[in-house]
Amino acid sequence: MKKWVLYCLIVAFAVYWASNLILWFPWSINPKLGMTLMLTVGTALWTIATYNCLIRYPGKSRFVGASISGFVLLLSAVIMDYVFFGLIRNAIKELYHPTTFYGYAFVACLPFIMILTFRKIIEQNSRELEKKDLLKIGFAGLICFALITLIIIFKIEI
């Protein structure tokens, strides 16, 4: 179970930084374009991430898996938002808007929505968590984190 929670943390890390990397330039050009992409691309990324966490849940109760993954994904998003907006960008005032809290609610509820909607698909595709799963997603997350941090630090623009 500990390994799976770690996997959920790593998945949250990776998807958070990947979505910020994908959205950075469109959002810089036009905030409405960025918001639109956040609602589409961001939603798709978080859905894929949640699915991957749920199919690797080692327990019997999918509801417990949804509860734990929802909590882990939410906590990770809140912490990484603070890191991104507060520490890296020094723009904490840009963070706390109603849409941010809607996003948090979405991330917390998504595992339950998926369990209720796609229970059979999740059960059919269940698999054991392997070390390579942790390494692949962790490596991807670190690359995305490094790239977005460098883009911001060096003020790279299109």
# chains A, B, ... in the order shown; residues from 1 in each chain; ligands from 1
>>> residues_around(residues="stretch 140-149 of chain A", least_positions_apart="5", cutoff="10 Å", atoms="only C-alpha atoms", output="VMD selection string")
chain A and resid 10 to 22 24 84 88 to 89 135 154 to 156
>>> residues_around(residues="A:Phe63", least_positions_apart="5", cutoff="12 Å", atoms="only C-alpha atoms", output="MDAnalysis selection string")
chainID A and resid 54 57 68:70 109:116 119
>>> closest_residue(among="A:Ala91, A:Leu74, A:Ile152, A:Val107", to="A:Thr47", atoms="only C-alpha atoms")
A:Val107
>>> closest_residue(among="A:Gly138, A:Pro98, A:Gly65, A:Gly103", to="A:Ile122", atoms="only C-alpha atoms")
A:Gly65
>>> closest_residue(among="A:Ile55, A:Leu150, A:Leu134, A:Val72", to="A:Ile121", atoms="only C-alpha atoms")
A:Ile55
>>> residues_around(residues="A:Glu94", least_positions_apart="2", cutoff="12 Å", atoms="only C-alpha atoms", output="PyMOL selection string")
chain A and resi 31+81-82+84-86+89-92+96-100
>>> select_by_dssp(residues="chain A", states="helix (DSSP H, G or I)", output="ChimeraX atom specification")
/A:2-29,31-55,62-88,92-94,98-124,131-153
>>> closest_residue(among="A:Leu9, A:Cys53, A:Val41, A:Leu33", to="A:Ala77", atoms="only C-alpha atoms")
A:Leu9
>>> closest_residue(among="A:Ile29, A:Ile151, A:Leu39, A:Arg62", to="A:Lys120", atoms="only C-alpha atoms")
A:Arg62
>>> atom_distance(atom1="atom CA of A:Lys136", atom2="atom CA of A:Leu37")
25.0 Å
>>> atom_distance(atom1="atom CA of A:Leu23", atom2="atom CA of A:Phe139")
19.7 Å
>>> closest_residue(among="A:Tyr51, A:Tyr104, A:Trp4, A:Phe25", to="A:Phe118", atoms="only C-alpha atoms")
A:Tyr51
>>> atom_distance(atom1="atom CA of A:Gly34", atom2="atom CA of A:Ile48")
19.8 Å
